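Asks: My structure is below; once you've seen it, I'll send some questions.
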Protein chains: 2
Amino acid sequence: MTNIKDIARIAGVSVSTVSRVINNHPYVSEEKKSAVLEAMEKTNYQINMKAVHLSKGKSQLIGVVVPFANHPYFGLLVEGIANKAVSYHFHFVLIQTNYEEEREREALDMLKHKQIDGLIICSRISEMKQIREYTNYGRIVLCENAANYDFVSSVYIDHFQAFYDALTFLYQKEYRKIGYCIGRESGSNSYNRKKAYKQFHEEMELVCNKQYIFSENYYLEDGEKVVREIRQMGNPPEALLVTSDAVAAGILMACEKNGIKVPGDMAIIGFGNQPISKSMEITTFEIPLVKMGERLFEQVIGKNQIKHEELKIQLIERNTV
Amino acid sequence: MTNIKDIARIAGVSVSTVSRVINNHPYVSEEKKSAVLEAMEKTNYQINMKAVHLSKGKSQLIGVVVPFANHPYFGLLVEGIANKAVSYHFHFVLIQTNYEEEREREALDMLKHKQIDGLIICSRISEMKQIREYTNYGRIVLCENAANYDFVSSVYIDHFQAFYDALTFLYQKEYRKIGYCIGRESGSNSYNRKKAYKQFHEEMELVCNKQYIFSENYYLEDGEKVVREIRQMGNPPEALLVTSDAVAAGILMACEKNGIKVPGDMAIIGFGNQPISKSMEITTFEIPLVKMGERLFEQVIGKNQIKHEELKIQLIERNTV
């Protein structure tokens, strides 16, 4: 097999010149460059990119941690990441954790072992203390408000404020028995939502009903489960904040099937402003998820210092409140 | 920085023993193994996994080519791939092509340059001739009927038969003006669907109406566009085969908005049996996409010979025909 020395000999240049051409270094004369490229062509020399990256210490690969590879919310983040990866000539490794800490650790270890140049964590499981250790090996960007930390960058929306605004909107529309649907109960976004929910209820002197909090809802089909639970309640909620448009759509469909009028018997506010919310005319918060993915990517490959960036969201009034 | 020689010295073993431990080779005594691991621990020695993989010639990475990272159909394939990647301790690089040939070429080049060990192409753009060249560098698995080729493996469903069966079903229900909605017009799956459509119309002595073929439909929101076109036709179709459940759902919603009765004025058959088709009671073909993703993954990491595997699909009768 041809090696770099053969190329140098055939091209009549030094080995280091061949190396410079392979690594696209400046200060190689056009003449020598063409001689090298010609010799490579002639011998059908395959550059082992892994070896090149190894010598450069860069893989041109970014890790992207998501709880589920196929989920509408994370799908839009990944879409934004993929858009930017294409334009920056990077590729990304998608790491699905199923919210198992060990999987997230695998991703962090990929950073440690230089298999990836940086890591985007779309939904974190590990403690910040642990994340901190790994920032020695490359840049880590989080998709949550991490403004209190100086070792990671973050792109986030203010889930506390979003929930507080949504509750205020429902309150103004005379709703008093308000519940909410989320994915997992742990995690910083859920923490901030719960905080807003509690604070709002305290301020308005409303009673918090634990039954009105529905967790583990990720997909459209989870909407049926929520409505089944509600139908069995003696004192059901009259309005729901639903942190995923897909679940909101599922709830709306199940309400229609069960003769629950929306709005009227039940008001629904989704999150995402995804196509299904438009088609089904669901009142929702526009969350710029694709843009968020794009910014996450630009942060992770960026050479600038640690940065925390909040993206604004906006209530889109339609027909479910 | 500690290197492999230091580890050998501290552990009191040879360099090749350290190398065997790092590479998880058999025939290392437990005693020597613990000595090496202890020395690594003590010196906080970081294994450069890229270097390890380079020496093994394996990256434990698989490339996955999709036209769009965030699309319900490909999302389910990726879900299946992600499931198996987790259990086999592999990771995968997701390469979004936007159906640009250059992007697919980048993925093929990653195989050539040993950045990935194998490649799954979920929707192909390149000619088979070109794919063939790259099979010298690693295994390539296609998500289409490639049974005529002995250099790639494939996992597929018979899109010709599925379309033919769907048309027969509609014909038996007295529908004569049948159209269909697809994504892109090129590609082998679309070719087989068109072939089935033409053959069926010839056999039944029905006239093929070019206006009844709607292409470039990928997402739920594309349904509105289709219904808009249909409403402007003097002689509209009475039934539609829709190759994506999401688009079928969008068409159903747009029909409801525009007072087009389904079924009655319009029959709809989707493909996928995705949750939205269940929630909206859309008649559809069950396509085991997650299983397909799992099989694609197992084929690409498999050591066995080239294999072509057909997965069966099934008509799920609901309320739109």
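Within each chain, counting starts at residue 1; across the structure tokens, chains are named A, B, ... in the order shown, with ligands numbered 1 upward in that order.
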Write down as a PyMOL selection string the residues belonging to region 168-202 of chain B that are assigned strand (DSSP E) by DSSP computed on the backbone.

Replies: chain B and resi 178-181

Asks: Show which residues sit within 9 Å of region 220-232 of chain B, as a PyMOL selection string. Count only C-alpha atoms, and ignore same-chain residues fewer than 5 positions away.

Replies: (chain A and resi 275-276+278-279) or (chain B and resi 181+212+214+237+244-255+258)

Asks: Grab the residues selected above and save them as a tab-separated table (two decimals), in the first residue's frame with C-alpha atoms.

Replies:
```tsv
chain	number	residue	atom	x	y	z
A	275	PRO	CA	-47.56	22.22	12.49
A	276	ILE	CA	-50.11	20.02	14.26
A	278	LYS	CA	-51.71	25.08	13.55
A	279	SER	CA	-53.75	22.43	11.76
B	181	CYS	CA	-49.50	11.65	-2.85
B	212	TYR	CA	-54.09	12.99	-9.61
B	214	PHE	CA	-49.28	14.97	-6.03
B	237	PRO	CA	-60.11	12.40	-7.43
B	244	SER	CA	-47.12	9.32	4.77
B	245	ASP	CA	-49.61	9.16	7.64
B	246	ALA	CA	-48.68	12.71	8.64
B	247	VAL	CA	-49.64	14.03	5.20
B	248	ALA	CA	-52.80	11.86	5.27
B	249	ALA	CA	-53.70	13.48	8.61
B	250	GLY	CA	-53.10	16.93	7.12
B	251	ILE	CA	-55.34	16.10	4.15
B	252	LEU	CA	-58.06	14.81	6.47
B	253	MET	CA	-57.92	17.99	8.57
B	254	ALA	CA	-58.02	20.20	5.47
B	255	CYS	CA	-60.98	18.19	4.10
B	258	ASN	CA	-63.43	22.67	3.69
```

Asks: RMSD over all C-alpha atoms, chain A superposed on chain B in order?

Replies: 0.1 Å

Asks: Excluding Val93 (chain B) and its own-chain neighbours fewer than 6 positions away, which residues fall within 8 Å of it when counting only C-alpha atoms? Please give them as an MDAnalysis selection string.

Replies: (chainID A and resid 91:94) or (chainID B and resid 61:64)

Asks: Need to verify the contact set: Gly75 (chain A), 12 Å, only C-alpha atoms, exclusion of same-chain residues closer than 2 positions in sequence. Can you return it as a ChimeraX atom specification?

Replies: /A:64-73,77-82,94,96,122,272,274,289-290,292-293 /B:68-72,74-76,78-79

Asks: Mind the document's chain letters and residue numbers, and return as a ChimeraX atom specification the residues of region 22-257 of chain B that DSSP labels helix (DSSP H, G or I).

Replies: /B:22,30-43,49-56,72-87,101-112,128-134,159-172,188-203,210-212,222-231,245-257

Asks: Please list as number ranges by chain every residue within 7 Å of Ile213 (chain A), counting only C-alpha atoms and excluding residues in the same chain fewer than 3 positions away.

Replies: A: 179-181, 210

Asks: Restricting the output to C-alpha atoms, write the selected residues as a short mmCIF file (atom, residue, chain, number, x, y, z; two decimals), in the first residue's frame.

Replies:
```cif
data_model
loop_
_atom_site.label_atom_id
_atom_site.label_comp_id
_atom_site.auth_asym_id
_atom_site.auth_seq_id
_atom_site.Cartn_x
_atom_site.Cartn_y
_atom_site.Cartn_z
CA GLY A 179 -53.47 21.63 35.64
CA TYR A 180 -50.41 20.78 33.56
CA CYS A 181 -48.88 17.93 31.57
CA LYS A 210 -51.55 17.44 42.97
#
```

Asks: Restricting the calculation to only C-alpha atoms, which member of B:Glu144, B:Glu238, B:Asp265, B:Glu281 is positioned closest to chain A?

Replies: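 Between B:Glu144, B:Glu238, B:Asp265, B:Glu281, the residue approaching chain A most closely is B:Glu281.
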
Asks: Could you tell me how far CA of Cys208 (chain B) sits from CA of Lys195 (chain B), in Å to one decimal place?

Replies: 11.7 Å

Asks: Which neighbours of Arg9 (chain A) fall inside 12 Å, counting only C-alpha atoms, when residues of the same chain fewer than 3 positions from it are skipped, and could you give them as a list in words?

Replies: Thr2, Asn3, Ile4, Lys5, Asp6, Gly12, Val13, Ser14, Val15, Ser16, Thr17, Val18, Ala35, Val36, Ala39, Met40 and Thr43 of chain A

Asks: Go ahead and save the picked residues with C-alpha atoms, as an mmCIF file, in the first residue's frame.

Replies:
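again_17.cif, freshly written:
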```cif
data_model
loop_
_atom_site.group_PDB
_atom_site.id
_atom_site.type_symbol
_atom_site.label_atom_id
_atom_site.label_comp_id
_atom_site.auth_asym_id
_atom_site.auth_seq_id
_atom_site.Cartn_x
_atom_site.Cartn_y
_atom_site.Cartn_z
ATOM 1 C CA THR A 2 1.198 3.462 -0.821
ATOM 2 C CA ASN A 3 2.253 5.534 2.160
ATOM 3 C CA ILE A 4 3.138 9.153 2.679
ATOM 4 C CA LYS A 5 6.821 8.513 1.935
ATOM 5 C CA ASP A 6 5.959 7.012 -1.461
ATOM 6 C CA GLY A 12 9.706 14.916 -5.567
ATOM 7 C CA VAL A 13 8.972 16.807 -2.347
ATOM 8 C CA SER A 14 9.607 16.270 1.356
ATOM 9 C CA VAL A 15 7.331 14.195 3.590
ATOM 10 C CA SER A 16 6.429 17.301 5.567
ATOM 11 C CA THR A 17 5.257 19.011 2.364
ATOM 12 C CA VAL A 18 2.922 16.085 1.680
ATOM 13 C CA ALA A 35 2.688 17.587 -7.682
ATOM 14 C CA VAL A 36 1.480 16.031 -4.423
ATOM 15 C CA ALA A 39 1.004 11.674 -7.055
ATOM 16 C CA MET A 40 -1.959 10.876 -4.785
ATOM 17 C CA THR A 43 -1.314 5.945 -6.714
#
```
